[in-house]
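Colleague: Enclosed is the structure file upload_24.txt (compact mmCIF, C-alpha atoms).
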# COMPACT_ATOMS: atom_id res chain seq x y z
CA MET A 1 -15.96 12.38 28.46
CA VAL A 2 -16.89 16.06 28.64
CA GLU A 3 -15.78 15.95 32.27
CA ALA A 4 -12.49 14.38 31.24
CA GLN A 5 -11.84 17.25 28.86
CA ALA A 6 -12.65 19.77 31.57
CA GLN A 7 -10.09 18.03 33.76
CA PRO A 8 -7.73 16.72 31.12
CA LEU A 9 -5.52 14.74 33.49
CA VAL A 10 -8.37 12.87 35.18
CA PRO A 11 -9.25 9.52 33.62
CA THR A 12 -12.82 8.34 33.18
CA PRO A 13 -13.49 4.72 34.19
CA CYS A 14 -14.53 2.63 31.20
CA ARG A 15 -15.54 -1.02 31.30
CA ILE A 16 -14.19 -3.49 28.77
CA ARG A 17 -17.02 -4.83 26.66
CA ARG A 18 -14.94 -7.17 24.51
CA VAL A 19 -11.37 -8.29 23.95
CA LEU A 20 -10.42 -9.55 20.49
CA ARG A 21 -7.16 -11.34 19.85
CA GLU A 22 -5.97 -10.06 16.47
CA THR A 23 -2.59 -11.80 16.12
CA HIS A 24 -0.20 -13.57 18.48
CA ASP A 25 0.90 -10.27 20.00
CA THR A 26 -1.85 -7.78 19.16
CA PHE A 27 -5.34 -7.38 20.56
CA THR A 28 -8.30 -5.05 20.32
CA LEU A 29 -10.23 -3.65 23.27
CA GLU A 30 -13.79 -2.45 22.94
CA LEU A 31 -14.67 -0.14 25.81
CA ASP A 32 -18.10 0.98 26.93
CA ALA A 33 -18.37 4.75 26.83
CA ASP A 34 -21.59 6.63 27.36
CA PRO A 35 -21.54 9.18 25.93
CA ARG A 36 -18.88 8.09 23.55
CA PRO A 37 -16.14 10.68 22.97
CA ALA A 38 -16.35 12.33 19.57
CA PHE A 39 -12.89 11.55 18.30
CA GLN A 40 -11.49 12.22 14.87
CA PRO A 41 -9.37 9.73 12.93
CA GLY A 42 -5.74 10.03 13.96
CA GLN A 43 -6.41 11.24 17.48
CA PHE A 44 -5.38 9.24 20.53
CA ALA A 45 -6.44 8.52 24.09
CA MET A 46 -4.49 7.82 27.26
CA LEU A 47 -5.38 4.41 28.69
CA TYR A 48 -4.61 3.71 32.33
CA VAL A 49 -4.30 0.26 33.87
CA LEU A 50 -4.87 0.66 37.59
CA GLY A 51 -1.65 0.29 39.54
CA VAL A 52 0.45 -0.35 36.45
CA GLY A 53 0.57 2.78 34.34
CA GLU A 54 -0.77 4.81 31.47
CA VAL A 55 -0.02 4.69 27.74
CA PRO A 56 -1.07 6.68 24.69
CA MET A 57 -3.12 4.70 22.19
CA SER A 58 -4.70 5.74 18.92
CA TYR A 59 -8.38 5.18 18.31
CA SER A 60 -8.80 2.36 15.83
CA GLY A 61 -12.58 2.00 15.49
CA ASP A 62 -15.14 3.61 13.25
CA PRO A 63 -15.57 7.23 14.38
CA ALA A 64 -19.22 7.20 13.29
CA ALA A 65 -20.45 3.85 14.56
CA GLY A 66 -21.46 2.22 17.80
CA ARG A 67 -21.31 3.24 21.44
CA SER A 68 -17.98 1.66 22.25
CA ILE A 69 -14.48 3.00 21.73
CA VAL A 70 -12.00 0.71 20.10
CA HIS A 71 -8.23 0.47 20.51
CA THR A 72 -5.89 -2.06 18.94
CA THR A 73 -2.43 -2.41 20.39
CA ARG A 74 0.51 -4.71 20.69
CA GLU A 75 2.02 -6.19 23.80
CA VAL A 76 5.29 -4.31 24.04
CA GLY A 77 5.66 -3.11 27.63
CA PRO A 78 4.33 -3.61 31.16
CA VAL A 79 1.13 -1.61 30.60
CA THR A 80 0.09 -3.23 27.33
CA ARG A 81 1.04 -6.67 28.69
CA ALA A 82 -1.16 -6.03 31.72
CA MET A 83 -3.90 -4.78 29.41
CA ALA A 84 -3.70 -7.98 27.37
CA ARG A 85 -4.53 -9.98 30.50
CA LEU A 86 -7.73 -8.01 31.19
CA ARG A 87 -11.07 -9.54 30.33
CA ARG A 88 -14.64 -8.40 29.69
CA GLY A 89 -15.93 -6.37 32.63
CA ALA A 90 -12.53 -5.09 33.79
CA VAL A 91 -12.19 -1.32 34.13
CA LEU A 92 -9.62 0.96 32.51
CA GLY A 93 -9.08 4.67 33.04
CA VAL A 94 -9.46 6.60 29.81
CA ARG A 95 -8.55 10.19 28.93
CA GLY A 96 -9.01 11.80 25.57
CA PRO A 97 -9.37 12.36 22.70
CA TYR A 98 -6.16 14.26 22.16
CA GLY A 99 -4.04 15.51 19.33
CA ARG A 100 -4.29 16.62 15.77
CA PRO A 101 -6.20 14.30 13.42
CA TRP A 102 -5.52 13.13 9.88
CA PRO A 103 -6.49 15.92 7.41
CA ILE A 104 -9.32 13.96 5.80
CA ALA A 105 -11.63 16.87 5.05
CA GLU A 106 -8.78 18.70 3.33
CA ALA A 107 -8.22 15.68 1.08
CA GLY A 108 -11.74 15.89 -0.35
CA GLY A 109 -11.80 15.66 -4.14
CA GLU A 110 -8.28 14.24 -4.24
CA ASP A 111 -6.72 10.82 -4.47
CA VAL A 112 -5.79 9.44 -1.06
CA VAL A 113 -2.92 7.05 -0.44
CA LEU A 114 -2.76 5.33 2.92
CA VAL A 115 0.48 3.52 3.74
CA ALA A 116 0.43 1.34 6.85
CA GLY A 117 3.15 -0.76 8.38
CA GLY A 118 2.52 -3.38 11.06
CA ILE A 119 0.44 -2.08 13.95
CA GLY A 120 0.31 1.25 12.07
CA LEU A 121 -2.85 0.06 10.35
CA ALA A 122 -4.72 0.58 13.63
CA PRO A 123 -4.44 4.41 13.74
CA LEU A 124 -5.33 4.55 10.03
CA ARG A 125 -8.43 2.38 10.34
CA PRO A 126 -10.71 5.22 11.53
CA ALA A 127 -9.52 7.27 8.55
CA ILE A 128 -10.35 4.40 6.19
CA HIS A 129 -13.82 4.08 7.77
CA ALA A 130 -14.38 7.83 7.39
CA ILE A 131 -13.22 7.85 3.77
CA ALA A 132 -15.30 4.76 2.92
CA ALA A 133 -18.37 6.45 4.44
CA ARG A 134 -17.92 9.40 2.07
CA ARG A 135 -16.28 7.48 -0.74
CA GLY A 136 -17.78 9.70 -3.45
CA ASP A 137 -15.99 12.74 -2.01
CA PHE A 138 -12.57 11.38 -2.95
CA GLY A 139 -10.77 10.33 -6.09
CA ARG A 140 -8.87 7.06 -6.13
CA VAL A 141 -8.20 5.66 -2.69
CA VAL A 142 -5.32 3.26 -2.22
CA LEU A 143 -4.35 1.39 0.92
CA LEU A 144 -0.87 -0.15 0.95
CA TYR A 145 -0.25 -2.35 3.96
CA GLY A 146 2.92 -4.16 4.96
CA ALA A 147 3.42 -6.60 7.80
CA ARG A 148 6.16 -8.85 9.02
CA SER A 149 4.47 -12.12 7.95
CA PRO A 150 1.00 -13.34 6.93
CA ALA A 151 0.31 -14.26 10.57
CA ASP A 152 0.92 -10.64 11.58
CA LEU A 153 -1.71 -9.11 9.29
CA LEU A 154 -4.36 -7.13 11.18
CA TYR A 155 -8.07 -6.77 10.32
CA ARG A 156 -8.19 -9.40 7.58
CA ARG A 157 -11.97 -9.13 7.28
CA ASP A 158 -11.76 -5.37 6.94
CA LEU A 159 -9.09 -5.69 4.26
CA ASP A 160 -11.37 -8.00 2.26
CA ARG A 161 -14.37 -5.73 2.74
CA TRP A 162 -12.50 -2.56 1.81
CA ARG A 163 -11.17 -4.31 -1.29
CA THR A 164 -14.49 -5.74 -2.44
CA SER A 165 -17.16 -3.27 -1.41
CA THR A 166 -15.74 0.20 -0.81
CA GLY A 167 -13.87 0.87 -4.03
CA ILE A 168 -10.59 1.12 -2.17
CA GLU A 169 -7.60 -0.42 -3.90
CA VAL A 170 -5.84 -2.57 -1.32
CA GLY A 171 -2.26 -3.78 -1.71
CA VAL A 172 -0.86 -6.07 0.95
CA THR A 173 2.69 -7.30 1.28
CA VAL A 174 4.72 -9.16 3.88
CA ASP A 175 8.43 -9.07 4.61
CA ARG A 176 8.59 -12.84 4.99
CA GLY A 177 6.32 -15.18 3.11
CA THR A 178 5.25 -18.66 4.05
CA PRO A 179 4.67 -21.71 1.84
CA THR A 180 0.92 -21.05 1.85
CA TRP A 181 1.10 -17.28 1.26
CA ALA A 182 0.16 -16.42 -2.33
CA GLY A 183 0.35 -12.65 -1.96
CA ASN A 184 3.16 -10.12 -2.30
CA VAL A 185 6.50 -10.49 -0.55
CA GLY A 186 8.64 -7.39 -0.09
CA VAL A 187 8.63 -4.11 1.78
CA VAL A 188 5.53 -1.93 1.65
CA THR A 189 7.48 0.96 0.16
CA GLY A 190 7.96 -1.22 -2.92
CA LEU A 191 4.22 -1.01 -3.62
CA ILE A 192 4.27 2.78 -3.87
CA ALA A 193 6.00 3.06 -7.25
CA ARG A 194 3.18 1.28 -9.10
CA ALA A 195 0.20 2.25 -6.94
CA PRO A 196 -2.70 3.71 -8.96
CA PHE A 197 -2.94 7.36 -7.89
CA ASP A 198 -2.14 10.74 -9.37
CA PRO A 199 0.71 12.29 -7.34
CA ARG A 200 -0.25 15.78 -8.54
CA ARG A 201 -3.59 15.55 -6.73
CA ALA A 202 -2.90 13.11 -3.92
CA THR A 203 -2.79 13.29 -0.15
CA ALA A 204 -0.81 10.57 1.60
CA LEU A 205 -1.29 9.33 5.16
CA ILE A 206 1.46 7.12 6.58
CA CYS A 207 1.56 5.24 9.86
CA GLY A 208 4.01 2.63 11.05
CA PRO A 209 7.51 2.28 12.45
CA GLU A 210 9.45 5.49 11.92
CA VAL A 211 12.05 3.92 9.63
CA MET A 212 9.25 2.61 7.44
CA MET A 213 7.49 6.01 7.45
CA ARG A 214 10.70 7.75 6.36
CA PHE A 215 11.23 5.34 3.47
CA ALA A 216 7.55 5.51 2.50
CA ALA A 217 7.61 9.31 2.51
CA GLU A 218 10.70 9.32 0.32
CA ALA A 219 9.08 6.87 -2.11
CA LEU A 220 6.00 9.09 -2.28
CA ARG A 221 8.17 12.14 -2.87
CA ALA A 222 9.94 10.24 -5.64
CA ARG A 223 6.50 9.73 -7.23
CA GLY A 224 5.94 13.47 -7.05
CA VAL A 225 3.78 13.93 -3.96
CA PRO A 226 4.85 17.19 -2.24
CA ALA A 227 6.13 16.80 1.34
CA ALA A 228 3.42 19.17 2.58
CA ARG A 229 0.77 16.69 1.40
CA ILE A 230 2.38 13.67 3.01
CA TRP A 231 1.22 13.15 6.61
CA VAL A 232 2.79 10.90 9.22
CA SER A 233 1.78 9.99 12.76
CA LEU A 234 4.44 10.27 15.45
CA GLU A 235 3.71 8.85 18.85
CA ARG A 236 6.80 9.13 20.95
CA ASN A 237 7.19 9.75 24.65
CA MET A 238 3.72 11.19 25.25
CA LYS A 239 2.87 11.42 28.93
CA CYS A 240 0.42 14.17 29.88
CA ALA A 241 -1.06 14.38 26.35
CA VAL A 242 -1.97 18.06 26.77
CA GLY A 243 1.32 19.86 26.27
CA LEU A 244 2.07 20.45 29.95
CA CYS A 245 4.81 18.04 30.96
CA GLY A 246 7.15 18.64 28.02
CA ARG A 247 8.23 15.02 27.76
CA CYS A 248 7.41 14.87 24.04
CA GLN A 249 8.65 18.37 23.35
CA LEU A 250 11.14 19.22 20.64
CA GLY A 251 11.92 22.92 20.48
CA PRO A 252 8.56 24.64 20.11
CA THR A 253 6.79 21.39 19.09
CA PHE A 254 4.78 19.16 21.39
CA VAL A 255 4.14 15.82 19.69
CA CYS A 256 1.04 15.24 21.83
CA LYS A 257 -0.59 18.59 21.19
CA ASP A 258 0.81 19.73 17.82
CA GLY A 259 0.72 16.14 16.56
CA PRO A 260 0.68 13.21 16.57
CA VAL A 261 -0.14 13.83 12.91
CA PHE A 262 2.38 16.06 11.18
CA SER A 263 2.97 16.97 7.57
CA TYR A 264 6.21 15.47 6.36
CA ASP A 265 7.77 18.85 5.64
CA ARG A 266 7.58 19.41 9.42
CA ALA A 267 8.14 15.84 10.53
CA GLU A 268 11.20 15.13 8.42
CA ARG A 269 13.50 16.92 10.84
CA LEU A 270 11.75 15.38 13.86
CA LEU A 271 12.30 11.89 12.45
CA ALA A 272 16.00 12.69 12.22
CA VAL A 273 16.30 13.39 15.98
CA ARG A 274 17.57 10.19 17.56
CA GLU A 275 16.72 10.92 21.17
CA LEU A 276 13.27 12.41 20.76
CA MET B 277 -1.92 -4.33 -30.95
CA GLU B 278 0.88 -2.43 -29.24
CA THR B 279 4.29 -2.79 -30.77
CA LEU B 280 7.27 -3.76 -28.63
CA GLU B 281 8.79 -0.37 -29.38
CA ARG B 282 5.75 1.45 -28.07
CA ILE B 283 5.58 -0.69 -24.94
CA LEU B 284 9.26 -0.27 -24.16
CA SER B 285 9.35 3.45 -24.89
CA GLY B 286 6.36 3.96 -22.58
CA HIS B 287 7.99 2.21 -19.65
CA PRO B 288 9.78 4.40 -17.06
CA PHE B 289 12.86 2.18 -17.23
CA PHE B 290 13.47 3.22 -20.84
CA GLU B 291 12.35 6.83 -20.42
CA GLU B 292 14.44 9.40 -22.31
CA LEU B 293 16.57 6.73 -23.93
CA ALA B 294 17.97 7.82 -27.31
CA ALA B 295 15.87 6.57 -30.20
CA ALA B 296 18.82 4.70 -31.70
CA HIS B 297 19.45 2.90 -28.40
CA LEU B 298 15.78 2.03 -28.02
CA GLU B 299 15.83 0.60 -31.51
CA LEU B 300 18.78 -1.60 -30.58
CA ILE B 301 16.97 -2.81 -27.47
CA VAL B 302 13.75 -3.51 -29.33
CA GLY B 303 15.79 -5.73 -31.61
CA CYS B 304 16.66 -7.86 -28.58
CA ALA B 305 13.09 -8.05 -27.24
CA SER B 306 10.36 -10.66 -27.54
CA ASN B 307 7.00 -11.36 -25.94
CA VAL B 308 6.84 -14.31 -23.54
CA ARG B 309 4.14 -15.97 -21.44
CA PHE B 310 4.40 -18.16 -18.37
CA ASP B 311 1.74 -20.34 -16.79
CA ALA B 312 1.19 -20.27 -13.04
CA GLY B 313 3.82 -22.52 -11.50
CA GLN B 314 6.17 -22.33 -14.47
CA PHE B 315 9.79 -21.38 -13.75
CA LEU B 316 11.41 -18.54 -15.68
CA PHE B 317 14.85 -19.65 -14.54
CA HIS B 318 16.63 -21.62 -11.86
CA THR B 319 19.56 -20.82 -9.60
CA GLY B 320 22.90 -21.51 -11.27
CA GLU B 321 21.60 -21.44 -14.82
CA GLU B 322 23.14 -19.04 -17.29
CA ALA B 323 21.54 -15.60 -17.05
CA ASN B 324 21.16 -14.41 -20.59
CA GLU B 325 18.05 -12.26 -20.36
CA PHE B 326 15.97 -9.95 -18.23
CA PHE B 327 12.23 -9.36 -18.16
CA LEU B 328 9.81 -6.47 -18.12
CA ILE B 329 6.67 -7.85 -16.49
CA ARG B 330 3.50 -6.69 -18.23
CA ALA B 331 0.91 -8.63 -16.22
CA GLY B 332 0.92 -11.32 -13.55
CA ARG B 333 3.25 -11.98 -10.67
CA ILE B 334 6.64 -13.64 -10.26
CA ALA B 335 8.18 -14.99 -7.05
CA LEU B 336 11.91 -14.89 -6.55
CA GLU B 337 12.73 -17.78 -4.29
CA VAL B 338 15.53 -19.77 -2.80
CA ALA B 339 15.16 -23.48 -2.16
CA PRO B 340 17.34 -24.74 0.72
CA PRO B 341 17.94 -28.51 0.36
CA GLY B 342 15.18 -30.55 1.94
CA ARG B 343 13.17 -27.49 2.89
CA THR B 344 10.22 -25.61 1.49
CA PRO B 345 11.30 -22.87 -0.94
CA LEU B 346 11.41 -19.43 0.63
CA VAL B 347 10.03 -16.47 -1.34
CA VAL B 348 12.29 -13.47 -0.88
CA GLN B 349 10.43 -11.06 -3.15
CA THR B 350 7.51 -10.92 -5.54
CA LEU B 351 7.45 -8.78 -8.65
CA GLY B 352 4.47 -7.65 -10.64
CA GLU B 353 3.20 -5.44 -13.44
CA GLY B 354 5.75 -2.89 -14.55
CA ASP B 355 8.66 -4.39 -12.62
CA ILE B 356 12.01 -5.27 -14.15
CA LEU B 357 13.23 -8.75 -13.26
CA GLY B 358 16.86 -9.81 -13.43
CA TRP B 359 20.25 -8.16 -13.49
CA SER B 360 22.49 -11.23 -13.41
CA TRP B 361 22.76 -11.04 -17.21
CA LEU B 362 24.81 -7.88 -16.68
CA ILE B 363 27.30 -9.12 -14.09
CA PRO B 364 29.85 -11.89 -14.60
CA PRO B 365 29.71 -14.84 -14.34
CA TYR B 366 26.15 -14.30 -15.70
CA HIS B 367 24.42 -16.93 -13.57
CA TRP B 368 21.05 -16.63 -11.81
CA VAL B 369 21.29 -16.60 -8.02
CA PHE B 370 17.59 -17.23 -7.33
CA ASP B 371 14.79 -19.24 -8.85
CA ALA B 372 11.99 -17.26 -10.51
CA ARG B 373 8.54 -18.83 -10.67
CA ALA B 374 5.29 -17.45 -12.04
CA ILE B 375 2.68 -17.50 -9.29
CA GLU B 376 0.00 -16.25 -11.68
CA PRO B 377 -0.31 -16.47 -15.45
CA THR B 378 2.25 -13.89 -16.50
CA ARG B 379 2.99 -11.91 -19.63
CA ALA B 380 6.37 -10.28 -20.04
CA ILE B 381 8.84 -8.91 -22.52
CA ALA B 382 12.09 -10.86 -22.47
CA LEU B 383 15.21 -8.92 -23.39
CA ASP B 384 18.11 -10.91 -24.71
CA GLY B 385 20.98 -10.08 -22.35
CA LYS B 386 23.63 -11.85 -24.41
CA CYS B 387 22.69 -9.72 -27.41
CA LEU B 388 22.60 -6.57 -25.25
CA ARG B 389 25.97 -7.35 -23.61
CA ALA B 390 27.57 -7.41 -27.04
CA LYS B 391 25.87 -4.17 -28.03
CA CYS B 392 26.93 -2.50 -24.78
CA GLU B 393 30.55 -3.54 -25.40
CA SER B 394 30.51 -1.99 -28.84
CA ASP B 395 28.49 1.08 -27.82
CA HIS B 396 29.60 2.34 -24.41
CA ASP B 397 26.99 5.11 -24.41
CA LEU B 398 24.31 2.44 -24.51
CA GLY B 399 26.21 0.44 -21.88
CA TYR B 400 26.41 3.45 -19.55
CA GLU B 401 22.72 4.24 -19.99
CA LEU B 402 21.72 0.67 -19.16
CA LEU B 403 24.13 0.48 -16.23
CA LYS B 404 22.70 3.70 -14.75
CA ARG B 405 19.18 2.30 -15.01
CA PHE B 406 20.09 -1.06 -13.55
CA ALA B 407 22.09 0.64 -10.79
CA HIS B 408 18.83 2.36 -9.77
CA ILE B 409 17.00 -0.98 -9.67
CA MET B 410 19.83 -2.56 -7.70
CA GLU B 411 19.81 0.37 -5.26
CA GLN B 412 16.08 -0.07 -4.71
CA GLY B 413 16.58 -3.79 -4.19
CA LEU B 414 19.39 -3.17 -1.72
CA GLN B 415 17.32 -0.65 0.25
CA ALA B 416 14.38 -3.07 0.33
CA ALA B 417 16.61 -5.91 1.50
CA ARG B 418 18.04 -3.69 4.26
CA LEU B 419 14.55 -2.74 5.39
CA GLN B 420 13.56 -6.42 5.48
CA LEU B 421 16.70 -7.20 7.48
CA LEU B 422 15.89 -4.40 9.93
CA ASP B 423 12.68 -6.24 10.79
CA VAL B 424 11.03 -2.86 11.40
CA TYR B 425 7.76 -4.46 12.50
CA GLY B 426 9.46 -6.43 15.26
CA LYS B 427 9.07 -5.35 18.86
CA GLU B 428 11.23 -2.35 19.63
Give the structure from the file, written as structure tokens.
Modeller:
Amino acid sequence: MVEAQAQPLVPTPCRIRRVLRETHDTFTLELDADPRPAFQPGQFAMLYVLGVGEVPMSYSGDPAAGRSIVHTTREVGPVTRAMARLRRGAVLGVRGPYGRPWPIAEAGGEDVVLVAGGIGLAPLRPAIHAIAARRGDFGRVVLLYGARSPADLLYRRDLDRWRTSTGIEVGVTVDRGTPTWAGNVGVVTGLIARAPFDPRRATALICGPEVMMRFAAEALRARGVPAARIWVSLERNMKCAVGLCGRCQLGPTFVCKDGPVFSYDRAERLLAVREL
Amino acid sequence: METLERILSGHPFFEELAAAHLELIVGCASNVRFDAGQFLFHTGEEANEFFLIRAGRIALEVAPPGRTPLVVQTLGEGDILGWSWLIPPYHWVFDARAIEPTRAIALDGKCLRAKCESDHDLGYELLKRFAHIMEQGLQAARLQLLDVYGKE
């Protein structure tokens, strides 16, 4: 991966070690990488399917464990649909890591609130792993996760483990319940008002659809968390990933290079730009 | 044991309410408990109260004929349940069922309606507070309708 950084537009071939079906339309790829790139939670890679195309994808594995790199994604376009058809042993081109990570070190000593919506739990999972590994360095840690339905919930085992053995308070809700679902029904932003954290000493990390992130940020602000301590991940229109092509540029800001993680006091105006 | 007055005055919904108004409201309040599976109210019944949930969880659901009831929202500790007591014709439009053993404070809406009619300052204060809850409910319903987690 050192070579890939020296030539940032050249992908490194990586073999798929395992494909995990997470839900009906999401899957996780584990890729062999030796040496494994030292990514930080919140950063992303560019994954290239030969002859089809390249897409940005956040790392979603544990930044401190194993030799593989892990990405969870949803089938939404030609590249991710082609990726979903690949099996163990197939080769992908991989570039990265890129972008600005979640400010985890800066949150040390504070409460941390993680708000995830849908597939947005994937880019937050490395942050949760990192926080759980240094759990004593933080105050209360709360994960609030919303999905469309119970069948769309990602990482169910992780959710149970984080809840039971890491001292992380986990709140899960779905927009649409089912007859067998005994958990919360309602939007994830509704969990914020009663979540157990101190807004005066909290850092919030939000990842999900942009509408959800906007509402979540506003709910956090209503609780008293300053916009500068609310962080969101934007991943729109990234192409080169190194601030050269300008496709993700807005004024002086490159989402790929200056982001994808932005503080909400910067991101608020970006979220308001319809065509970005 | 906490008094009803202390519990209500410590809840954000009643924050900064005049002491005289809080006293009136406390006079309309009582502790209630519901077992898991027990209904608080059914669609179409007269809505003569609202609830401040202290512990447990309540499902608001609609039961289409011949089909499994659909949960549209769950409410838990600290939430306020019910505003139909405030709006004519004062009938519930959903069923409410305890999905866990639940403790709540029931507030007598019929009693409060009369007090609000005779004391418009109290009425305005309560309307402002319920308008906020309604606004939150409307925003949440819009977000659910947007299906933000669907494929873009």
Colleague: Could the residues of chain B within 7 Å of chain A, counting all atoms listed in the file, be given as number ranges by chain, please?
Modeller: B: 344, 347-350, 416, 420, 424-425, 427
Colleague: For Ala339 (chain B), which residue out of B:Ala372, B:Leu298, B:Pro364, B:Ser394 is the nearest one, using only C-alpha atoms?
Modeller: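 Of the candidates, the smallest distance to Ala339 (chain B) is held by B:Ala372.
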Colleague: Measure the distance from CA of Trp231 (chain A) to CA of Val261 (chain A) in Å and round it to one decimal.
Modeller: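 Separation of CA of Trp231 (chain A) and CA of Val261 (chain A): 6.5 Å.
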Colleague: Around the point (-0.5, 6.4, 18.8), in the coordinates given by the file, pick out the residues reaching within 10 Å, counting all atoms listed in the file, and return them as a PyMOL selection string.
Modeller: chain A and resi 42-46+55-60+71+73+99+119-120+122-123+207-208+233-236+238+256+260-261
Colleague: Which residue, A:Ala64, A:Leu47, A:Val91, A:Leu114, has the smallest gap to Ile16 (chain A) when you use only C-alpha atoms?
Modeller: A:Val91
Colleague: Around (17.6, -19.8, -1.9), as given in the file, which residues come within 7 Å? Count all atoms listed in the file and list them as a VMD selection string.
Modeller: chain B and resid 337 to 340 346 370
Colleague: Interatomic distance between CA of Ala217 (chain A) and CA of Leu205 (chain A)?
Modeller: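 Computed distance, CA of Ala217 (chain A) to CA of Leu205 (chain A), equals 9.3 Å.
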Colleague: When you look at Thr23 (chain A) with a cut-off of 8 Å (counting only C-alpha atoms), what residues show up, excluding the ones that are within fewer than 5 positions of it in the same chain? I need them as a list in words.
Modeller: Ala151, Asp152, Leu153 and Leu154 of chain A
Colleague: Mind rebuilding region 189-207 of chain A with N, CA and C atoms and writing that out as a short mmCIF file (atom, residue, chain, number, x, y, z; two decimals), in the frame of the given file?
Modeller:
data_model
loop_
_atom_site.label_atom_id
_atom_site.label_comp_id
_atom_site.auth_asym_id
_atom_site.auth_seq_id
_atom_site.Cartn_x
_atom_site.Cartn_y
_atom_site.Cartn_z
N THR A 189 7.08 -0.19 0.98
CA THR A 189 7.48 0.96 0.16
C THR A 189 7.61 0.56 -1.31
N GLY A 190 7.85 -0.73 -1.54
CA GLY A 190 7.96 -1.22 -2.92
C GLY A 190 6.64 -1.18 -3.67
N LEU A 191 5.54 -1.08 -2.95
CA LEU A 191 4.22 -1.01 -3.62
C LEU A 191 3.90 0.40 -4.11
N ILE A 192 4.64 1.39 -3.59
CA ILE A 192 4.27 2.78 -3.87
C ILE A 192 4.51 3.15 -5.33
N ALA A 193 5.62 2.64 -5.89
CA ALA A 193 6.00 3.06 -7.25
C ALA A 193 4.90 2.76 -8.27
N ARG A 194 4.17 1.67 -8.09
CA ARG A 194 3.18 1.28 -9.10
C ARG A 194 1.73 1.49 -8.63
N ALA A 195 1.56 2.08 -7.47
CA ALA A 195 0.20 2.25 -6.94
C ALA A 195 -0.60 3.20 -7.83
N PRO A 196 -1.90 2.91 -8.04
CA PRO A 196 -2.70 3.71 -8.96
C PRO A 196 -3.26 4.99 -8.34
N PHE A 197 -2.45 6.04 -8.34
CA PHE A 197 -2.94 7.36 -7.89
C PHE A 197 -2.19 8.42 -8.67
N ASP A 198 -2.76 9.62 -8.66
CA ASP A 198 -2.14 10.74 -9.37
C ASP A 198 -1.38 11.58 -8.34
N PRO A 199 -0.06 11.56 -8.38
CA PRO A 199 0.71 12.29 -7.34
C PRO A 199 0.47 13.79 -7.35
N ARG A 200 -0.03 14.32 -8.47
CA ARG A 200 -0.25 15.78 -8.54
C ARG A 200 -1.48 16.19 -7.75
N ARG A 201 -2.36 15.21 -7.48
CA ARG A 201 -3.59 15.55 -6.73
C ARG A 201 -3.84 14.49 -5.66
N ALA A 202 -2.77 14.16 -4.93
CA ALA A 202 -2.90 13.11 -3.92
C ALA A 202 -2.49 13.62 -2.54
N THR A 203 -3.19 13.10 -1.54
CA THR A 203 -2.79 13.29 -0.15
C THR A 203 -2.41 11.92 0.39
N ALA A 204 -1.29 11.86 1.09
CA ALA A 204 -0.81 10.57 1.60
C ALA A 204 -0.80 10.57 3.12
N LEU A 205 -1.29 9.51 3.72
CA LEU A 205 -1.29 9.33 5.16
C LEU A 205 -0.45 8.08 5.46
N ILE A 206 0.55 8.24 6.30
CA ILE A 206 1.46 7.12 6.58
C ILE A 206 1.49 6.85 8.08
N CYS A 207 1.43 5.58 8.45
CA CYS A 207 1.56 5.24 9.86
C CYS A 207 2.26 3.88 9.99
#
